[in-house]
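Shown below: structure15.cif, with mmCIF, C-alpha atoms.
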data_run
#
loop_
_atom_site.label_atom_id
_atom_site.label_comp_id
_atom_site.auth_asym_id
_atom_site.auth_seq_id
_atom_site.Cartn_x
_atom_site.Cartn_y
_atom_site.Cartn_z
CA MET A 9 19.34 20.61 2.25
CA THR A 10 17.76 24.03 1.88
CA ASP A 11 18.85 24.18 -1.77
CA VAL A 12 17.25 20.78 -2.40
CA ILE A 13 13.97 21.87 -0.79
CA ASP A 14 13.94 25.09 -2.79
CA TRP A 15 14.53 23.10 -5.98
CA LEU A 16 11.72 20.65 -5.20
CA LEU A 17 9.35 23.50 -4.48
CA THR A 18 9.83 24.73 -8.06
CA SER A 19 8.38 21.47 -9.40
CA GLU A 20 5.33 21.71 -11.63
CA GLU A 21 3.86 18.71 -9.79
CA PRO A 22 1.72 19.84 -6.83
CA TRP A 23 2.14 16.43 -5.14
CA THR A 24 5.91 16.95 -5.15
CA ARG A 25 5.54 20.42 -3.64
CA TYR A 26 3.01 19.15 -1.10
CA ARG A 27 5.16 16.29 0.16
CA THR A 28 8.22 18.56 0.21
CA LEU A 29 6.47 21.13 2.39
CA VAL A 30 5.10 18.51 4.79
CA ASP A 31 7.83 15.86 4.88
CA LEU A 32 11.01 17.85 4.33
CA ALA A 33 10.24 21.41 5.35
CA GLY A 34 8.05 20.33 8.29
CA HIS A 35 5.12 22.62 7.56
CA PRO A 36 1.85 21.73 9.34
CA GLU A 37 -1.20 20.72 7.35
CA ASP A 38 -3.02 23.94 8.29
CA ASP A 39 -0.25 26.11 6.87
CA PRO A 40 -1.74 28.32 4.11
CA ASP A 41 0.92 27.24 1.60
CA VAL A 42 0.30 23.57 2.38
CA ARG A 43 -3.45 23.97 2.07
CA ALA A 44 -3.10 25.76 -1.26
CA VAL A 45 -0.77 23.23 -2.86
CA ARG A 46 -2.82 20.34 -1.52
CA ALA A 47 -5.96 21.79 -3.07
CA ALA A 48 -4.10 22.11 -6.37
CA MET A 49 -2.97 18.49 -6.08
CA VAL A 50 -6.46 17.09 -5.51
CA VAL A 51 -7.91 18.74 -8.60
CA HIS A 52 -4.92 18.10 -10.85
CA PRO A 53 -5.95 16.16 -14.00
CA GLN A 54 -3.41 13.41 -13.39
CA VAL A 55 -4.59 12.91 -9.82
CA GLN A 56 -8.20 12.91 -10.98
CA ALA A 57 -7.27 10.24 -13.53
CA LEU A 58 -5.73 8.15 -10.77
CA ILE A 59 -8.89 8.52 -8.67
CA GLN A 60 -10.97 7.29 -11.59
CA GLN A 61 -8.63 4.34 -12.09
CA ALA A 62 -8.70 3.53 -8.37
CA ALA A 63 -12.51 3.73 -8.40
CA SER A 64 -12.52 0.78 -10.81
CA TRP A 65 -11.18 -1.47 -8.04
CA PRO A 66 -10.50 -4.33 -8.46
CA GLY A 67 -10.21 -3.26 -12.10
CA GLY A 68 -9.64 -6.78 -13.34
CA PRO A 69 -7.58 -9.55 -11.76
CA LEU A 70 -3.96 -9.23 -10.77
CA LYS A 71 -1.98 -11.61 -12.95
CA ARG A 72 1.47 -10.26 -12.18
CA HIS A 73 2.58 -8.01 -9.35
CA ASN A 74 4.68 -5.69 -11.50
CA ASP A 75 1.72 -4.49 -13.57
CA ALA A 76 1.96 -0.73 -12.98
CA LYS A 77 -1.32 -0.20 -14.85
CA HIS A 78 -3.33 -2.17 -12.29
CA ALA A 79 -5.72 -0.29 -10.00
CA ILE A 80 -3.79 -1.34 -6.88
CA TYR A 81 -0.95 0.97 -7.89
CA ALA A 82 -3.29 3.88 -8.55
CA ILE A 83 -4.59 3.36 -5.02
CA SER A 84 -1.14 3.18 -3.45
CA THR A 85 0.08 6.23 -5.38
CA LEU A 86 -2.87 8.33 -4.25
CA ALA A 87 -2.19 7.31 -0.66
CA ASP A 88 1.50 8.14 -1.03
CA PHE A 89 0.61 11.57 -2.42
CA GLY A 90 -1.49 12.17 0.69
CA LEU A 91 -5.09 11.81 -0.41
CA ARG A 92 -7.49 10.86 2.34
CA THR A 93 -11.05 9.63 2.66
CA GLY A 94 -12.27 13.22 2.97
CA ASP A 95 -11.14 13.94 -0.58
CA PRO A 96 -13.71 13.46 -3.37
CA GLY A 97 -13.93 9.86 -4.55
CA VAL A 98 -11.42 8.42 -2.07
CA ALA A 99 -13.91 7.17 0.54
CA ARG A 100 -15.63 5.05 -2.11
CA VAL A 101 -12.29 3.47 -3.02
CA ALA A 102 -11.57 2.71 0.63
CA GLU A 103 -14.98 1.10 1.12
CA ALA A 104 -14.40 -1.10 -1.93
CA ILE A 105 -11.19 -2.39 -0.34
CA LEU A 106 -12.76 -2.84 3.09
CA ALA A 107 -15.56 -4.91 1.55
CA HIS A 108 -13.16 -7.79 0.88
CA GLN A 109 -11.37 -8.91 4.02
CA SER A 110 -10.24 -12.49 4.48
CA ALA A 111 -11.08 -14.62 7.49
CA GLU A 112 -7.41 -14.40 8.48
CA GLY A 113 -7.38 -10.58 8.41
CA PRO A 114 -5.59 -9.37 5.24
CA PHE A 115 -7.54 -7.46 2.63
CA GLN A 116 -8.08 -9.33 -0.61
CA SER A 117 -7.41 -8.61 -4.26
CA LEU A 118 -8.97 -10.24 -7.29
CA ILE A 119 -6.16 -12.56 -8.38
CA ASN A 120 -5.73 -15.00 -11.25
CA ILE A 121 -2.94 -17.55 -10.90
CA PRO A 122 -2.37 -19.46 -14.15
CA ARG A 123 -2.45 -23.24 -14.03
CA SER A 124 1.17 -23.26 -15.19
CA PHE A 125 2.10 -21.59 -11.89
CA GLY A 126 0.04 -23.90 -9.73
CA GLY A 127 -3.16 -21.91 -9.73
CA SER A 128 -6.68 -22.56 -10.97
CA GLY A 129 -6.49 -20.15 -13.87
CA GLU A 130 -9.69 -18.51 -12.60
CA ASP A 131 -10.34 -15.12 -10.99
CA ALA A 132 -10.71 -15.32 -7.21
CA TRP A 133 -10.74 -12.94 -4.25
CA THR A 134 -7.73 -13.89 -2.17
CA TRP A 135 -4.49 -12.43 -0.82
CA MET A 136 -0.72 -12.69 -0.96
CA ALA A 137 2.05 -11.05 1.04
CA CYS A 138 2.97 -9.02 -2.06
CA ASP A 139 -0.42 -7.26 -2.39
CA ALA A 140 -2.28 -7.28 0.94
CA PRO A 141 0.23 -4.99 2.75
CA THR A 142 -0.06 -2.46 -0.08
CA LEU A 143 -3.82 -2.22 0.46
CA LEU A 144 -3.32 -1.99 4.22
CA ALA A 145 -0.74 0.79 3.88
CA ALA A 146 -3.09 2.72 1.59
CA LEU A 147 -6.01 2.51 4.03
CA LEU A 148 -3.77 3.62 6.90
CA ARG A 149 -2.44 6.60 4.96
CA MET A 150 -5.96 7.52 3.91
CA GLY A 151 -6.80 8.06 7.59
CA LEU A 152 -8.50 4.78 8.51
CA ASP A 153 -6.08 3.72 11.26
CA ALA A 154 -8.91 3.57 13.84
CA GLU A 155 -11.12 1.34 11.65
CA PRO A 156 -11.40 -2.10 13.39
CA ARG A 157 -11.00 -3.98 10.10
CA VAL A 158 -7.79 -2.11 9.39
CA GLN A 159 -6.47 -2.85 12.88
CA ARG A 160 -7.30 -6.52 12.38
CA ALA A 161 -5.30 -6.60 9.15
CA LEU A 162 -2.43 -4.76 10.84
CA ASN A 163 -2.32 -7.25 13.72
CA HIS A 164 -2.21 -10.12 11.25
CA LEU A 165 0.67 -8.53 9.37
CA ILE A 166 2.67 -7.95 12.55
CA GLY A 167 2.16 -11.55 13.63
CA ALA A 168 2.96 -13.03 10.21
CA ALA A 169 6.68 -12.22 10.31
CA GLN A 170 9.08 -15.11 10.89
CA ASP A 171 12.54 -15.04 12.44
CA ASN A 172 14.00 -13.92 9.10
CA GLY A 173 11.24 -11.48 8.14
CA TRP A 174 8.15 -11.92 5.99
CA ARG A 175 8.17 -14.91 3.69
CA CYS A 176 6.04 -15.70 0.64
CA LEU A 177 2.82 -16.02 2.63
CA VAL A 178 -0.48 -16.59 0.85
CA ALA A 179 -4.08 -17.29 1.79
CA PRO A 180 -4.84 -20.86 2.93
CA GLU A 181 -7.10 -21.48 -0.07
CA LEU A 182 -4.09 -21.09 -2.39
CA GLY A 183 -2.65 -24.31 -1.02
CA LYS A 184 1.02 -24.90 -1.71
CA PHE A 185 1.42 -22.01 -4.14
CA LYS A 186 4.46 -19.83 -3.55
CA GLY A 187 6.78 -17.49 -5.40
CA PRO A 188 10.46 -18.04 -6.26
CA GLY A 189 12.91 -19.42 -3.72
CA ARG A 190 12.65 -21.84 -0.84
CA ARG A 191 9.70 -21.75 1.53
CA SER A 192 12.02 -20.79 4.36
CA ASP A 193 13.41 -17.79 2.43
CA PRO A 194 12.18 -14.27 3.20
CA CYS A 195 10.62 -12.34 0.33
CA PRO A 196 12.32 -8.95 -0.19
CA VAL A 197 9.23 -7.41 -1.82
CA ALA A 198 6.92 -8.65 0.93
CA ASN A 199 9.28 -7.13 3.51
CA VAL A 200 9.34 -3.75 1.75
CA TYR A 201 5.54 -3.65 1.56
CA ALA A 202 5.07 -4.88 5.12
CA LEU A 203 7.45 -2.26 6.48
CA LYS A 204 5.67 0.43 4.49
CA ALA A 205 2.39 -0.58 6.15
CA LEU A 206 3.96 -0.62 9.62
CA ALA A 207 5.46 2.83 9.00
CA ALA A 208 2.04 4.13 7.93
CA ALA A 209 0.63 2.76 11.18
CA GLY A 210 3.41 4.24 13.30
CA ALA A 211 4.27 0.70 14.41
CA THR A 212 7.99 0.83 13.68
CA ASP A 213 8.86 -0.24 17.23
CA VAL A 214 7.34 -3.72 17.03
CA PRO A 215 9.92 -6.58 16.92
CA SER A 216 8.80 -7.75 13.47
CA ALA A 217 9.62 -4.33 12.02
CA GLN A 218 13.22 -4.58 13.16
CA THR A 219 13.38 -8.14 11.82
CA GLY A 220 12.14 -6.96 8.43
CA ILE A 221 14.63 -4.09 8.40
CA GLU A 222 17.51 -6.45 9.17
CA MET A 223 16.33 -8.81 6.43
CA LEU A 224 16.59 -6.04 3.84
CA LEU A 225 19.88 -4.66 5.14
CA THR A 226 21.54 -8.08 4.98
CA HIS A 227 19.91 -9.29 1.75
#
Can the structure in the file be given as structure tokens, please?
Amino acid sequence: MTDVIDWLLTSEEPWTRYRTLVDLAGHPEDDPDVRAVRAAMVVHPQVQALIQQAASWPGGPLKRHNDAKHAIYAISTLADFGLRTGDPGVARVAEAILAHQSAEGPFQSLINIPRSFGGSGEDAWTWMACDAPTLLAALLRMGLDAEPRVQRALNHLIGAAQDNGWRCLVAPELGKFKGPGRRSDPCPVANVYALKALAAAGATDVPSAQTGIEMLLTH
């Protein structure tokens, strides 16, 4: 393991070195080496480009959930790297997400579902189980775990799991729309994203987390 850590610490990517020091080597955030590599990460041109992309949120409607160029993935990547609301530009991104919360609790994205897939073909603020947990996980990792709106979204996510994990759940206004498979089937992607949000919240001991884990292990 030591050899692997030493190898990762030779990476030219400061985010790789930062996460290695914190997650694998167990260095505290106030460690001088951690502080130095984190500072290098925040000002890195590629990270700054991601911040600019995230600042465009919603950056156009989501039309497919595997569009790596969409702003939602810039947001989630920044959160995974370890950027927080105290870093330049991040608080504004977080506020843009917080500004669109559904009546049910999940945070919304601007989504366009084509008519051929049962949608209206128009842009609308709404949510699905394959995007809302990503936004929630990002806000949690950015340091907003005590924000009441974030806790409300987290409670909704925990309560939305069924006996076989998270299914293709969407906002009520989307009617009967659903993704592939039967309505009673769990959605592997939704389970991955939901578990990521629960991990970010430190809520891995709730029953729905274990249900989601078992869903993925037996899929």
*Report the residues retrieved by the PyMOL selection byres ((chain A and resi 183) around 12) from the displayed file, expressed as a PyMOL selection string.*
chain A and resi 121+126-128+134+136+177-182+184-186
*Identify which of the residues A:Thr142, A:Ser124, A:Gln116, A:Thr226 lies closest to Ala202 of chain A, counting all atoms listed in the file when measuring atom-to-atom distances.*
A:Thr142
Would you pick out the contacts of Ile80 of chain A at 10 Å or less, using only C-alpha atoms, so that residues sharing its chain but fewer than 6 positions from it are not included, and give the list as an mmCIF file with C-alpha atoms, keeping the file's coordinate frame?
data_model
loop_
_atom_site.group_PDB
_atom_site.id
_atom_site.type_symbol
_atom_site.label_atom_id
_atom_site.label_comp_id
_atom_site.auth_asym_id
_atom_site.auth_seq_id
_atom_site.Cartn_x
_atom_site.Cartn_y
_atom_site.Cartn_z
ATOM 1 C CA GLN A 61 -8.630 4.340 -12.090
ATOM 2 C CA ALA A 62 -8.700 3.530 -8.370
ATOM 3 C CA SER A 64 -12.520 0.780 -10.810
ATOM 4 C CA TRP A 65 -11.180 -1.470 -8.040
ATOM 5 C CA PRO A 66 -10.500 -4.330 -8.460
ATOM 6 C CA GLY A 67 -10.210 -3.260 -12.100
ATOM 7 C CA LEU A 70 -3.960 -9.230 -10.770
ATOM 8 C CA HIS A 73 2.580 -8.010 -9.350
ATOM 9 C CA ILE A 105 -11.190 -2.390 -0.340
ATOM 10 C CA SER A 117 -7.410 -8.610 -4.260
ATOM 11 C CA ASP A 139 -0.420 -7.260 -2.390
ATOM 12 C CA ALA A 140 -2.280 -7.280 0.940
ATOM 13 C CA THR A 142 -0.060 -2.460 -0.080
ATOM 14 C CA LEU A 143 -3.820 -2.220 0.460
ATOM 15 C CA ALA A 146 -3.090 2.720 1.590
#
*With distances taken over all atoms listed in the file, which of A:Met49, A:Leu225, A:Val214, A:Ile59 is nearest to Val200 of chain A?*
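Residue with the minimum atom-to-atom distance to Val200 of chain A: A:Leu225.
If you look at atom CA of Leu118 of chain A and atom CA of Leu58 of chain A, they are 19.0 Å away from each other.
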*For Trp174 of chain A, please output as a ChimeraX atom specification all residues within 9 Å (counting all atoms listed in the file; exclusion window: fewer than 4 positions along the same chain).*
/A:137,165,168-170,193-196,198-199,202,216,219-220,223
_List the spatial neighbours of Ile119 of chain A as a ChimeraX atom specification - criterion: any atom at most 7 Å away, all atoms listed in the file, same-chain residues fewer than 4 positions off excluded._
/A:69-71,131-134
*What separation in Å, quoted to one decimal, exists between atom CA of Ala107 of chain A and atom CA of His78 of chain A?*
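Straight-line distance from atom CA of Ala107 of chain A to atom CA of His78 of chain A works out to 18.7 Å.
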